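Structure file final.pdb with PDB, N, CA and C atoms:
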MODEL        1
ATOM      1  N   MET Q   1     -16.194  20.536   2.059
ATOM      2  CA  MET Q   1     -14.930  19.825   2.090
ATOM      3  C   MET Q   1     -14.799  19.000   0.818
ATOM      4  N   ALA Q   2     -13.678  19.115   0.174
ATOM      5  CA  ALA Q   2     -13.431  18.364  -1.056
ATOM      6  C   ALA Q   2     -13.154  16.896  -0.747
ATOM      7  N   LEU Q   3     -13.488  16.051  -1.691
ATOM      8  CA  LEU Q   3     -13.197  14.625  -1.531
ATOM      9  C   LEU Q   3     -11.706  14.384  -1.713
ATOM     10  N   PRO Q   4     -11.121  13.467  -0.914
ATOM     11  CA  PRO Q   4      -9.693  13.187  -1.051
ATOM     12  C   PRO Q   4      -9.407  12.411  -2.339
ATOM     13  N   GLU Q   5      -8.188  12.536  -2.824
ATOM     14  CA  GLU Q   5      -7.757  11.801  -4.010
ATOM     15  C   GLU Q   5      -7.709  10.296  -3.734
ATOM     16  N   ARG Q   6      -7.279   9.942  -2.525
ATOM     17  CA  ARG Q   6      -7.188   8.534  -2.131
ATOM     18  C   ARG Q   6      -7.658   8.365  -0.689
ATOM     19  N   ILE Q   7      -8.022   7.126  -0.384
ATOM     20  CA  ILE Q   7      -8.343   6.737   0.989
ATOM     21  C   ILE Q   7      -7.491   5.518   1.314
ATOM     22  N   ILE Q   8      -6.860   5.542   2.471
ATOM     23  CA  ILE Q   8      -6.111   4.387   2.946
ATOM     24  C   ILE Q   8      -6.935   3.720   4.039
ATOM     25  N   LEU Q   9      -7.284   2.468   3.806
ATOM     26  CA  LEU Q   9      -8.030   1.675   4.776
ATOM     27  C   LEU Q   9      -7.029   0.883   5.607
ATOM     28  N   VAL Q  10      -7.127   0.978   6.910
ATOM     29  CA  VAL Q  10      -6.211   0.298   7.808
ATOM     30  C   VAL Q  10      -6.999  -0.704   8.643
ATOM     31  N   CYS Q  11      -6.702  -1.979   8.473
ATOM     32  CA  CYS Q  11      -7.406  -3.013   9.226
ATOM     33  C   CYS Q  11      -7.098  -2.871  10.712
ATOM     34  N   GLN Q  12      -8.163  -2.863  11.499
ATOM     35  CA  GLN Q  12      -8.019  -2.824  12.954
ATOM     36  C   GLN Q  12      -8.648  -4.041  13.607
ATOM     37  N   SER Q  13      -8.987  -5.052  12.811
ATOM     38  CA  SER Q  13      -9.383  -6.385  13.273
ATOM     39  C   SER Q  13     -10.740  -6.475  13.955
ATOM     40  N   PHE Q  14     -11.531  -5.429  13.972
ATOM     41  CA  PHE Q  14     -12.789  -5.496  14.693
ATOM     42  C   PHE Q  14     -13.801  -6.358  13.957
ATOM     43  N   ARG Q  15     -14.487  -7.208  14.706
ATOM     44  CA  ARG Q  15     -15.512  -8.092  14.172
ATOM     45  C   ARG Q  15     -16.887  -7.532  14.496
ATOM     46  N   SER Q  16     -17.918  -8.161  14.007
ATOM     47  CA  SER Q  16     -19.281  -7.654  14.172
ATOM     48  C   SER Q  16     -19.683  -7.508  15.647
ATOM     49  N   GLY Q  17     -19.111  -8.308  16.522
ATOM     50  CA  GLY Q  17     -19.406  -8.198  17.946
ATOM     51  C   GLY Q  17     -18.703  -7.037  18.616
ATOM     52  N   GLY Q  18     -17.798  -6.379  17.894
ATOM     53  CA  GLY Q  18     -17.079  -5.235  18.425
ATOM     54  C   GLY Q  18     -15.730  -5.556  19.024
ATOM     55  N   ASP Q  19     -15.420  -6.829  19.205
ATOM     56  CA  ASP Q  19     -14.150  -7.199  19.809
ATOM     57  C   ASP Q  19     -13.054  -7.316  18.759
ATOM     58  N   PRO Q  20     -11.873  -6.742  19.030
ATOM     59  CA  PRO Q  20     -10.765  -6.915  18.105
ATOM     60  C   PRO Q  20     -10.192  -8.326  18.228
ATOM     61  N   LYS Q  21     -10.052  -8.996  17.126
ATOM     62  CA  LYS Q  21      -9.454 -10.319  17.084
ATOM     63  C   LYS Q  21      -8.471 -10.300  15.922
ATOM     64  N   GLY Q  22      -7.644 -11.300  15.809
ATOM     65  CA  GLY Q  22      -6.667 -11.287  14.731
ATOM     66  C   GLY Q  22      -5.420 -10.524  15.143
ATOM     67  N   ILE Q  23      -4.585 -10.205  14.168
ATOM     68  CA  ILE Q  23      -3.295  -9.601  14.507
ATOM     69  C   ILE Q  23      -3.137  -8.141  14.105
ATOM     70  N   CYS Q  24      -3.962  -7.646  13.214
ATOM     71  CA  CYS Q  24      -3.731  -6.298  12.711
ATOM     72  C   CYS Q  24      -3.694  -5.245  13.814
ATOM     73  N   HIS Q  25      -4.679  -5.254  14.694
ATOM     74  CA  HIS Q  25      -4.727  -4.229  15.741
ATOM     75  C   HIS Q  25      -3.599  -4.390  16.755
ATOM     76  N   LYS Q  26      -3.088  -5.608  16.918
ATOM     77  CA  LYS Q  26      -2.025  -5.864  17.894
ATOM     78  C   LYS Q  26      -0.673  -5.353  17.436
ATOM     79  N   GLN Q  27      -0.477  -5.252  16.128
ATOM     80  CA  GLN Q  27       0.832  -4.877  15.593
ATOM     81  C   GLN Q  27       0.879  -3.466  15.039
ATOM     82  N   THR Q  28      -0.119  -2.663  15.342
ATOM     83  CA  THR Q  28      -0.152  -1.326  14.758
ATOM     84  C   THR Q  28      -0.160  -0.216  15.807
ATOM     85  N   GLU Q  29       0.470  -0.422  16.928
ATOM     86  CA  GLU Q  29       0.582   0.599  17.969
ATOM     87  C   GLU Q  29       1.284   1.826  17.397
ATOM     88  N   GLY Q  30       0.636   2.970  17.444
ATOM     89  CA  GLY Q  30       1.205   4.209  16.927
ATOM     90  C   GLY Q  30       1.157   4.332  15.416
ATOM     91  N   PHE Q  31       0.644   3.323  14.760
ATOM     92  CA  PHE Q  31       0.610   3.222  13.299
ATOM     93  C   PHE Q  31      -0.182   4.362  12.664
ATOM     94  N   LEU Q  32      -1.400   4.573  13.134
ATOM     95  CA  LEU Q  32      -2.262   5.583  12.527
ATOM     96  C   LEU Q  32      -1.693   6.987  12.694
ATOM     97  N   GLN Q  33      -1.127   7.265  13.850
ATOM     98  CA  GLN Q  33      -0.541   8.578  14.072
ATOM     99  C   GLN Q  33       0.646   8.810  13.144
ATOM    100  N   TYR Q  34       1.536   7.825  13.039
ATOM    101  CA  TYR Q  34       2.688   7.965  12.148
ATOM    102  C   TYR Q  34       2.222   8.134  10.697
ATOM    103  N   LEU Q  35       1.257   7.339  10.282
ATOM    104  CA  LEU Q  35       0.738   7.414   8.919
ATOM    105  C   LEU Q  35       0.168   8.804   8.641
ATOM    106  N   GLU Q  36      -0.628   9.313   9.551
ATOM    107  CA  GLU Q  36      -1.220  10.644   9.385
ATOM    108  C   GLU Q  36      -0.146  11.731   9.305
ATOM    109  N   GLU Q  37       0.848  11.648  10.180
ATOM    110  CA  GLU Q  37       1.923  12.643  10.167
ATOM    111  C   GLU Q  37       2.698  12.611   8.848
ATOM    112  N   GLU Q  38       2.987  11.418   8.345
ATOM    113  CA  GLU Q  38       3.707  11.283   7.072
ATOM    114  C   GLU Q  38       2.890  11.822   5.894
ATOM    115  N   ILE Q  39       1.595  11.550   5.901
ATOM    116  CA  ILE Q  39       0.721  12.054   4.835
ATOM    117  C   ILE Q  39       0.727  13.581   4.838
ATOM    118  N   LEU Q  40       0.623  14.173   6.027
ATOM    119  CA  LEU Q  40       0.646  15.634   6.134
ATOM    120  C   LEU Q  40       2.000  16.197   5.728
ATOM    121  N   ASP Q  41       3.092  15.583   6.201
ATOM    122  CA  ASP Q  41       4.436  16.057   5.861
ATOM    123  C   ASP Q  41       4.704  16.009   4.363
ATOM    124  N   ARG Q  42       4.148  15.011   3.692
ATOM    125  CA  ARG Q  42       4.360  14.836   2.252
ATOM    126  C   ARG Q  42       3.365  15.643   1.413
ATOM    127  N   GLY Q  43       2.367  16.215   2.071
ATOM    128  CA  GLY Q  43       1.373  17.004   1.349
ATOM    129  C   GLY Q  43       0.464  16.167   0.458
ATOM    130  N   LEU Q  44       0.244  14.912   0.850
ATOM    131  CA  LEU Q  44      -0.605  14.026   0.054
ATOM    132  C   LEU Q  44      -2.082  14.296   0.330
ATOM    133  N   ASP Q  45      -2.899  14.134  -0.691
ATOM    134  CA  ASP Q  45      -4.345  14.302  -0.572
ATOM    135  C   ASP Q  45      -4.954  12.939  -0.282
ATOM    136  N   VAL Q  46      -4.753  12.482   0.957
ATOM    137  CA  VAL Q  46      -5.147  11.132   1.356
ATOM    138  C   VAL Q  46      -5.848  11.193   2.705
ATOM    139  N   GLN Q  47      -6.929  10.457   2.821
ATOM    140  CA  GLN Q  47      -7.641  10.308   4.090
ATOM    141  C   GLN Q  47      -7.394   8.898   4.607
ATOM    142  N   ILE Q  48      -7.342   8.746   5.929
ATOM    143  CA  ILE Q  48      -7.150   7.442   6.559
ATOM    144  C   ILE Q  48      -8.458   7.005   7.198
ATOM    145  N   ALA Q  49      -8.776   5.722   7.046
ATOM    146  CA  ALA Q  49      -9.959   5.160   7.706
ATOM    147  C   ALA Q  49      -9.581   3.837   8.358
ATOM    148  N   ALA Q  50      -9.788   3.731   9.667
ATOM    149  CA  ALA Q  50      -9.602   2.462  10.370
ATOM    150  C   ALA Q  50     -10.835   1.620  10.084
ATOM    151  N   THR Q  51     -10.621   0.345   9.795
ATOM    152  CA  THR Q  51     -11.736  -0.517   9.401
ATOM    153  C   THR Q  51     -11.901  -1.703  10.339
ATOM    154  N   GLY Q  52     -12.982  -2.401  10.116
ATOM    155  CA  GLY Q  52     -13.145  -3.708  10.730
ATOM    156  C   GLY Q  52     -12.226  -4.685  10.019
ATOM    157  N   CYS Q  53     -12.366  -5.949  10.332
ATOM    158  CA  CYS Q  53     -11.504  -6.982   9.766
ATOM    159  C   CYS Q  53     -11.628  -7.008   8.242
ATOM    160  N   LEU Q  54     -10.493  -7.025   7.557
ATOM    161  CA  LEU Q  54     -10.459  -7.099   6.100
ATOM    162  C   LEU Q  54     -10.267  -8.529   5.601
ATOM    163  N   LYS Q  55     -10.334  -9.484   6.509
ATOM    164  CA  LYS Q  55     -10.305 -10.921   6.173
ATOM    165  C   LYS Q  55      -9.010 -11.356   5.475
ATOM    166  N   GLN Q  56      -7.899 -10.763   5.879
ATOM    167  CA  GLN Q  56      -6.580 -11.130   5.367
ATOM    168  C   GLN Q  56      -5.629 -11.360   6.533
ATOM    169  N   CYS Q  57      -6.123 -12.004   7.579
ATOM    170  CA  CYS Q  57      -5.381 -12.148   8.838
ATOM    171  C   CYS Q  57      -3.992 -12.753   8.647
ATOM    172  N   GLU Q  58      -3.865 -13.724   7.756
ATOM    173  CA  GLU Q  58      -2.568 -14.371   7.549
ATOM    174  C   GLU Q  58      -1.531 -13.418   6.955
ATOM    175  N   ALA Q  59      -1.976 -12.303   6.410
ATOM    176  CA  ALA Q  59      -1.061 -11.346   5.792
ATOM    177  C   ALA Q  59      -0.893 -10.083   6.629
ATOM    178  N   GLY Q  60      -1.553 -10.012   7.775
ATOM    179  CA  GLY Q  60      -1.608  -8.776   8.552
ATOM    180  C   GLY Q  60      -0.293  -8.320   9.144
ATOM    181  N   PRO Q  61      -0.292  -7.070   9.527
ATOM    182  CA  PRO Q  61      -1.293  -6.046   9.366
ATOM    183  C   PRO Q  61      -1.495  -5.665   7.893
ATOM    184  N   VAL Q  62      -2.738  -5.337   7.564
ATOM    185  CA  VAL Q  62      -3.123  -5.061   6.180
ATOM    186  C   VAL Q  62      -3.557  -3.605   6.031
ATOM    187  N   MET Q  63      -3.183  -3.037   4.883
ATOM    188  CA  MET Q  63      -3.558  -1.674   4.539
ATOM    189  C   MET Q  63      -3.967  -1.680   3.070
ATOM    190  N   VAL Q  64      -5.029  -0.948   2.716
ATOM    191  CA  VAL Q  64      -5.532  -0.897   1.342
ATOM    192  C   VAL Q  64      -5.574   0.556   0.887
ATOM    193  N   VAL Q  65      -5.056   0.807  -0.319
ATOM    194  CA  VAL Q  65      -5.103   2.143  -0.908
ATOM    195  C   VAL Q  65      -6.175   2.135  -1.994
ATOM    196  N   GLN Q  66      -7.165   3.001  -1.829
ATOM    197  CA  GLN Q  66      -8.240   3.139  -2.804
ATOM    198  C   GLN Q  66      -8.200   4.524  -3.416
ATOM    199  N   PRO Q  67      -8.536   4.736  -4.652
ATOM    200  CA  PRO Q  67      -9.221   3.820  -5.550
ATOM    201  C   PRO Q  67      -8.285   2.891  -6.331
ATOM    202  N   ASP Q  68      -6.999   2.899  -6.014
ATOM    203  CA  ASP Q  68      -6.047   2.060  -6.754
ATOM    204  C   ASP Q  68      -6.264   0.563  -6.515
ATOM    205  N   ASN Q  69      -6.926   0.236  -5.397
ATOM    206  CA  ASN Q  69      -7.151  -1.147  -4.974
ATOM    207  C   ASN Q  69      -5.836  -1.899  -4.757
ATOM    208  N   TRP Q  70      -4.874  -1.207  -4.164
ATOM    209  CA  TRP Q  70      -3.593  -1.819  -3.792
ATOM    210  C   TRP Q  70      -3.735  -2.343  -2.370
ATOM    211  N   TRP Q  71      -3.563  -3.652  -2.197
ATOM    212  CA  TRP Q  71      -3.637  -4.307  -0.894
ATOM    213  C   TRP Q  71      -2.222  -4.629  -0.433
ATOM    214  N   PHE Q  72      -1.870  -4.179   0.767
ATOM    215  CA  PHE Q  72      -0.528  -4.378   1.289
ATOM    216  C   PHE Q  72      -0.558  -5.249   2.539
ATOM    217  N   LYS Q  73       0.449  -6.100   2.652
ATOM    218  CA  LYS Q  73       0.566  -7.038   3.779
ATOM    219  C   LYS Q  73       1.773  -6.683   4.640
ATOM    220  N   GLY Q  74       1.769  -7.166   5.857
ATOM    221  CA  GLY Q  74       2.917  -7.010   6.742
ATOM    222  C   GLY Q  74       3.316  -5.575   7.004
ATOM    223  N   VAL Q  75       2.338  -4.699   7.058
ATOM    224  CA  VAL Q  75       2.612  -3.273   7.238
ATOM    225  C   VAL Q  75       2.674  -2.979   8.737
ATOM    226  N   ALA Q  76       3.797  -3.324   9.351
ATOM    227  CA  ALA Q  76       3.923  -3.194  10.803
ATOM    228  C   ALA Q  76       5.094  -2.309  11.216
ATOM    229  N   SER Q  77       5.659  -1.576  10.260
ATOM    230  CA  SER Q  77       6.815  -0.749  10.607
ATOM    231  C   SER Q  77       6.744   0.590   9.881
ATOM    232  N   GLU Q  78       7.502   1.541  10.396
ATOM    233  CA  GLU Q  78       7.594   2.840   9.733
ATOM    234  C   GLU Q  78       8.207   2.683   8.343
ATOM    235  N   ALA Q  79       9.139   1.763   8.189
ATOM    236  CA  ALA Q  79       9.760   1.530   6.882
ATOM    237  C   ALA Q  79       8.726   1.059   5.863
ATOM    238  N   ALA Q  80       7.806   0.203   6.289
ATOM    239  CA  ALA Q  80       6.754  -0.275   5.392
ATOM    240  C   ALA Q  80       5.826   0.873   4.995
ATOM    241  N   ILE Q  81       5.435   1.680   5.964
ATOM    242  CA  ILE Q  81       4.576   2.828   5.674
ATOM    243  C   ILE Q  81       5.279   3.772   4.706
ATOM    244  N   ASP Q  82       6.554   4.050   4.970
ATOM    245  CA  ASP Q  82       7.309   4.941   4.093
ATOM    246  C   ASP Q  82       7.368   4.403   2.662
ATOM    247  N   ALA Q  83       7.605   3.107   2.516
ATOM    248  CA  ALA Q  83       7.690   2.499   1.183
ATOM    249  C   ALA Q  83       6.345   2.608   0.460
ATOM    250  N   ILE Q  84       5.266   2.388   1.176
ATOM    251  CA  ILE Q  84       3.934   2.467   0.564
ATOM    252  C   ILE Q  84       3.610   3.909   0.164
ATOM    253  N   LEU Q  85       3.927   4.862   1.016
ATOM    254  CA  LEU Q  85       3.682   6.264   0.674
ATOM    255  C   LEU Q  85       4.590   6.722  -0.465
ATOM    256  N   ASP Q  86       5.836   6.224  -0.496
ATOM    257  CA  ASP Q  86       6.719   6.513  -1.628
ATOM    258  C   ASP Q  86       6.080   6.017  -2.924
ATOM    259  N   GLY Q  87       5.478   4.823  -2.866
ATOM    260  CA  GLY Q  87       4.817   4.254  -4.031
ATOM    261  C   GLY Q  87       3.616   5.074  -4.478
ATOM    262  N   ILE Q  88       2.859   5.580  -3.521
ATOM    263  CA  ILE Q  88       1.716   6.441  -3.868
ATOM    264  C   ILE Q  88       2.227   7.672  -4.608
ATOM    265  N   GLU Q  89       3.287   8.266  -4.097
ATOM    266  CA  GLU Q  89       3.853   9.456  -4.743
ATOM    267  C   GLU Q  89       4.363   9.147  -6.146
ATOM    268  N   ALA Q  90       4.923   7.951  -6.332
ATOM    269  CA  ALA Q  90       5.486   7.561  -7.625
ATOM    270  C   ALA Q  90       4.442   6.975  -8.577
ATOM    271  N   GLY Q  91       3.263   6.652  -8.048
ATOM    272  CA  GLY Q  91       2.227   6.060  -8.881
ATOM    273  C   GLY Q  91       2.397   4.569  -9.114
ATOM    274  N   GLU Q  92       3.236   3.926  -8.308
ATOM    275  CA  GLU Q  92       3.491   2.479  -8.403
ATOM    276  C   GLU Q  92       3.418   1.882  -7.002
ATOM    277  N   PRO Q  93       2.742   0.741  -6.848
ATOM    278  CA  PRO Q  93       2.664   0.142  -5.512
ATOM    279  C   PRO Q  93       4.020  -0.377  -5.044
ATOM    280  N   ALA Q  94       4.241  -0.348  -3.733
ATOM    281  CA  ALA Q  94       5.457  -0.900  -3.125
ATOM    282  C   ALA Q  94       5.398  -2.420  -3.252
ATOM    283  N   ALA Q  95       6.086  -2.965  -4.226
ATOM    284  CA  ALA Q  95       5.965  -4.388  -4.585
ATOM    285  C   ALA Q  95       6.275  -5.341  -3.436
ATOM    286  N   GLU Q  96       7.212  -4.985  -2.558
ATOM    287  CA  GLU Q  96       7.604  -5.892  -1.481
ATOM    288  C   GLU Q  96       6.492  -6.117  -0.452
ATOM    289  N   TYR Q  97       5.496  -5.225  -0.413
ATOM    290  CA  TYR Q  97       4.395  -5.368   0.543
ATOM    291  C   TYR Q  97       3.067  -5.706  -0.142
ATOM    292  N   LEU Q  98       3.045  -5.725  -1.452
ATOM    293  CA  LEU Q  98       1.810  -5.926  -2.203
ATOM    294  C   LEU Q  98       1.294  -7.349  -2.064
ATOM    295  N   ILE Q  99      -0.016  -7.473  -1.800
ATOM    296  CA  ILE Q  99      -0.651  -8.784  -1.802
ATOM    297  C   ILE Q  99      -0.994  -9.106  -3.256
ATOM    298  N   ALA Q 100      -0.427 -10.184  -3.749
ATOM    299  CA  ALA Q 100      -0.616 -10.521  -5.176
ATOM    300  C   ALA Q 100      -1.960 -11.134  -5.438
TER     301      ALA Q 100
ENDMDL
END
Represent the structure of the file as structure tokens.
Amino acid sequence: MALPERIILVCQSFRSGGDPKGICHKQTEGFLQYLEEEILDRGLDVQIAATGCLKQCEAGPVMVVQPDNWWFKGVASEAAIDAILDGIEAGEPAAEYLIA
């Protein structure tokens, strides 16, 4: 299997004890499925990984695009996901969601 061009890390708020805390996991119902479907529909070479807490709770839900190291905040809607994926396609981060 070839390595993907990018990996999208999606905070799911899990802590070392295994319990989800924070807001990321609470606001992302259906998020991973929609993200995966959009990536496939767009033909992007991107893998998704759900993560433990990314320590950006005040900005959550948080998503990170690697290797670009683009950190996005408030990614709780299909519109936000679409804007971020549009940015990946264009080679520019979606500025309205970017953590500065």
Inset, instruction - Please return, as a list in words, all polymer residues that have at least one atom within 12 Å of the point (-0.6, 16.0, 2.6); use only C-alpha atoms and the file's own coordinate frame. - result: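 Checking each residue against the 12 Å limit leaves Pro4, Glu5, Arg6, Leu35, Glu36, Glu37, Glu38, Ile39, Leu40, Asp41, Arg42, Gly43, Leu44, Asp45, Val46, Gln47, Ile48, Leu85, Ile88 and Glu89 of chain Q.
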Please evaluate the PyMOL selection byres ((chain Q and resi 9) around 7) against the structure above and give the resulting residues as a CSV table (one decimal) with N, CA and C atoms, keeping the file's coordinate frame.
chain,number,residue,atom,x,y,z
Q,7,ILE,N,-8.0,7.1,-0.4
Q,7,ILE,CA,-8.3,6.7,1.0
Q,7,ILE,C,-7.5,5.5,1.3
Q,8,ILE,N,-6.9,5.5,2.5
Q,8,ILE,CA,-6.1,4.4,2.9
Q,8,ILE,C,-6.9,3.7,4.0
Q,10,VAL,N,-7.1,1.0,6.9
Q,10,VAL,CA,-6.2,0.3,7.8
Q,10,VAL,C,-7.0,-0.7,8.6
Q,11,CYS,N,-6.7,-2.0,8.5
Q,11,CYS,CA,-7.4,-3.0,9.2
Q,11,CYS,C,-7.1,-2.9,10.7
Q,47,GLN,N,-6.9,10.5,2.8
Q,47,GLN,CA,-7.6,10.3,4.1
Q,47,GLN,C,-7.4,8.9,4.6
Q,48,ILE,N,-7.3,8.7,5.9
Q,48,ILE,CA,-7.2,7.4,6.6
Q,48,ILE,C,-8.5,7.0,7.2
Q,49,ALA,N,-8.8,5.7,7.0
Q,49,ALA,CA,-10.0,5.2,7.7
Q,49,ALA,C,-9.6,3.8,8.4
Q,50,ALA,N,-9.8,3.7,9.7
Q,50,ALA,CA,-9.6,2.5,10.4
Q,50,ALA,C,-10.8,1.6,10.1
Q,51,THR,N,-10.6,0.3,9.8
Q,51,THR,CA,-11.7,-0.5,9.4
Q,51,THR,C,-11.9,-1.7,10.3
Q,62,VAL,N,-2.7,-5.3,7.6
Q,62,VAL,CA,-3.1,-5.1,6.2
Q,62,VAL,C,-3.6,-3.6,6.0
Q,63,MET,N,-3.2,-3.0,4.9
Q,63,MET,CA,-3.6,-1.7,4.5
Q,63,MET,C,-4.0,-1.7,3.1
Q,64,VAL,N,-5.0,-0.9,2.7
Q,64,VAL,CA,-5.5,-0.9,1.3
Q,64,VAL,C,-5.6,0.6,0.9
Q,65,VAL,N,-5.1,0.8,-0.3
Q,65,VAL,CA,-5.1,2.1,-0.9
Q,65,VAL,C,-6.2,2.1,-2.0
Q,66,GLN,N,-7.2,3.0,-1.8
Q,66,GLN,CA,-8.2,3.1,-2.8
Q,66,GLN,C,-8.2,4.5,-3.4
Inset, instruction - Please run DSSP on the backbone and report, as a ChimeraX atom specification, all residues within chain Q that come out as helix (DSSP H, G or I). - result: /Q:25-27,31-42,57-59,78-90,95-97
Export, as a tab-separated table (two decimals), in the coordinates of the input, the selected residues with N, CA and C atoms.
chain	number	residue	atom	x	y	z
Q	25	HIS	N	-4.68	-5.25	14.69
Q	25	HIS	CA	-4.73	-4.23	15.74
Q	25	HIS	C	-3.60	-4.39	16.76
Q	26	LYS	N	-3.09	-5.61	16.92
Q	26	LYS	CA	-2.02	-5.86	17.89
Q	26	LYS	C	-0.67	-5.35	17.44
Q	27	GLN	N	-0.48	-5.25	16.13
Q	27	GLN	CA	0.83	-4.88	15.59
Q	27	GLN	C	0.88	-3.47	15.04
Q	31	PHE	N	0.64	3.32	14.76
Q	31	PHE	CA	0.61	3.22	13.30
Q	31	PHE	C	-0.18	4.36	12.66
Q	32	LEU	N	-1.40	4.57	13.13
Q	32	LEU	CA	-2.26	5.58	12.53
Q	32	LEU	C	-1.69	6.99	12.69
Q	33	GLN	N	-1.13	7.26	13.85
Q	33	GLN	CA	-0.54	8.58	14.07
Q	33	GLN	C	0.65	8.81	13.14
Q	34	TYR	N	1.54	7.82	13.04
Q	34	TYR	CA	2.69	7.96	12.15
Q	34	TYR	C	2.22	8.13	10.70
Q	35	LEU	N	1.26	7.34	10.28
Q	35	LEU	CA	0.74	7.41	8.92
Q	35	LEU	C	0.17	8.80	8.64
Q	36	GLU	N	-0.63	9.31	9.55
Q	36	GLU	CA	-1.22	10.64	9.38
Q	36	GLU	C	-0.15	11.73	9.30
Q	37	GLU	N	0.85	11.65	10.18
Q	37	GLU	CA	1.92	12.64	10.17
Q	37	GLU	C	2.70	12.61	8.85
Q	38	GLU	N	2.99	11.42	8.35
Q	38	GLU	CA	3.71	11.28	7.07
Q	38	GLU	C	2.89	11.82	5.89
Q	39	ILE	N	1.60	11.55	5.90
Q	39	ILE	CA	0.72	12.05	4.84
Q	39	ILE	C	0.73	13.58	4.84
Q	40	LEU	N	0.62	14.17	6.03
Q	40	LEU	CA	0.65	15.63	6.13
Q	40	LEU	C	2.00	16.20	5.73
Q	41	ASP	N	3.09	15.58	6.20
Q	41	ASP	CA	4.44	16.06	5.86
Q	41	ASP	C	4.70	16.01	4.36
Q	42	ARG	N	4.15	15.01	3.69
Q	42	ARG	CA	4.36	14.84	2.25
Q	42	ARG	C	3.36	15.64	1.41
Q	57	CYS	N	-6.12	-12.00	7.58
Q	57	CYS	CA	-5.38	-12.15	8.84
Q	57	CYS	C	-3.99	-12.75	8.65
Q	58	GLU	N	-3.86	-13.72	7.76
Q	58	GLU	CA	-2.57	-14.37	7.55
Q	58	GLU	C	-1.53	-13.42	6.96
Q	59	ALA	N	-1.98	-12.30	6.41
Q	59	ALA	CA	-1.06	-11.35	5.79
Q	59	ALA	C	-0.89	-10.08	6.63
Q	78	GLU	N	7.50	1.54	10.40
Q	78	GLU	CA	7.59	2.84	9.73
Q	78	GLU	C	8.21	2.68	8.34
Q	79	ALA	N	9.14	1.76	8.19
Q	79	ALA	CA	9.76	1.53	6.88
Q	79	ALA	C	8.73	1.06	5.86
Q	80	ALA	N	7.81	0.20	6.29
Q	80	ALA	CA	6.75	-0.28	5.39
Q	80	ALA	C	5.83	0.87	5.00
Q	81	ILE	N	5.44	1.68	5.96
Q	81	ILE	CA	4.58	2.83	5.67
Q	81	ILE	C	5.28	3.77	4.71
Q	82	ASP	N	6.55	4.05	4.97
Q	82	ASP	CA	7.31	4.94	4.09
Q	82	ASP	C	7.37	4.40	2.66
Q	83	ALA	N	7.60	3.11	2.52
Q	83	ALA	CA	7.69	2.50	1.18
Q	83	ALA	C	6.34	2.61	0.46
Q	84	ILE	N	5.27	2.39	1.18
Q	84	ILE	CA	3.93	2.47	0.56
Q	84	ILE	C	3.61	3.91	0.16
Q	85	LEU	N	3.93	4.86	1.02
Q	85	LEU	CA	3.68	6.26	0.67
Q	85	LEU	C	4.59	6.72	-0.46
Q	86	ASP	N	5.84	6.22	-0.50
Q	86	ASP	CA	6.72	6.51	-1.63
Q	86	ASP	C	6.08	6.02	-2.92
Q	87	GLY	N	5.48	4.82	-2.87
Q	87	GLY	CA	4.82	4.25	-4.03
Q	87	GLY	C	3.62	5.07	-4.48
Q	88	ILE	N	2.86	5.58	-3.52
Q	88	ILE	CA	1.72	6.44	-3.87
Q	88	ILE	C	2.23	7.67	-4.61
Q	89	GLU	N	3.29	8.27	-4.10
Q	89	GLU	CA	3.85	9.46	-4.74
Q	89	GLU	C	4.36	9.15	-6.15
Q	90	ALA	N	4.92	7.95	-6.33
Q	90	ALA	CA	5.49	7.56	-7.62
Q	90	ALA	C	4.44	6.98	-8.58
Q	95	ALA	N	6.09	-2.96	-4.23
Q	95	ALA	CA	5.96	-4.39	-4.58
Q	95	ALA	C	6.28	-5.34	-3.44
Q	96	GLU	N	7.21	-4.99	-2.56
Q	96	GLU	CA	7.60	-5.89	-1.48
Q	96	GLU	C	6.49	-6.12	-0.45
Q	97	TYR	N	5.50	-5.22	-0.41
Q	97	TYR	CA	4.39	-5.37	0.54
Q	97	TYR	C	3.07	-5.71	-0.14
Inset, instruction - Grab the CA of Trp70 in chain Q to CA of Leu3 in chain Q distance for me, in Å with one decimal place. - result: 19.2 Å
Inset, instruction - Using DSSP on the backbone, list every residue of chain Q that comes out as strand (DSSP E), and give them as a list in words. - result: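 So the strand (DSSP E) residues in chain Q would be Arg6, Ile7, Ile8, Leu9, Val10, Cys11, Gln12, Ser13, Phe14, Val46, Gln47, Ile48, Ala49, Ala50, Thr51, Gly52, Met63, Val64, Val65, Gln66, Trp70, Trp71 and Phe72 of chain Q.
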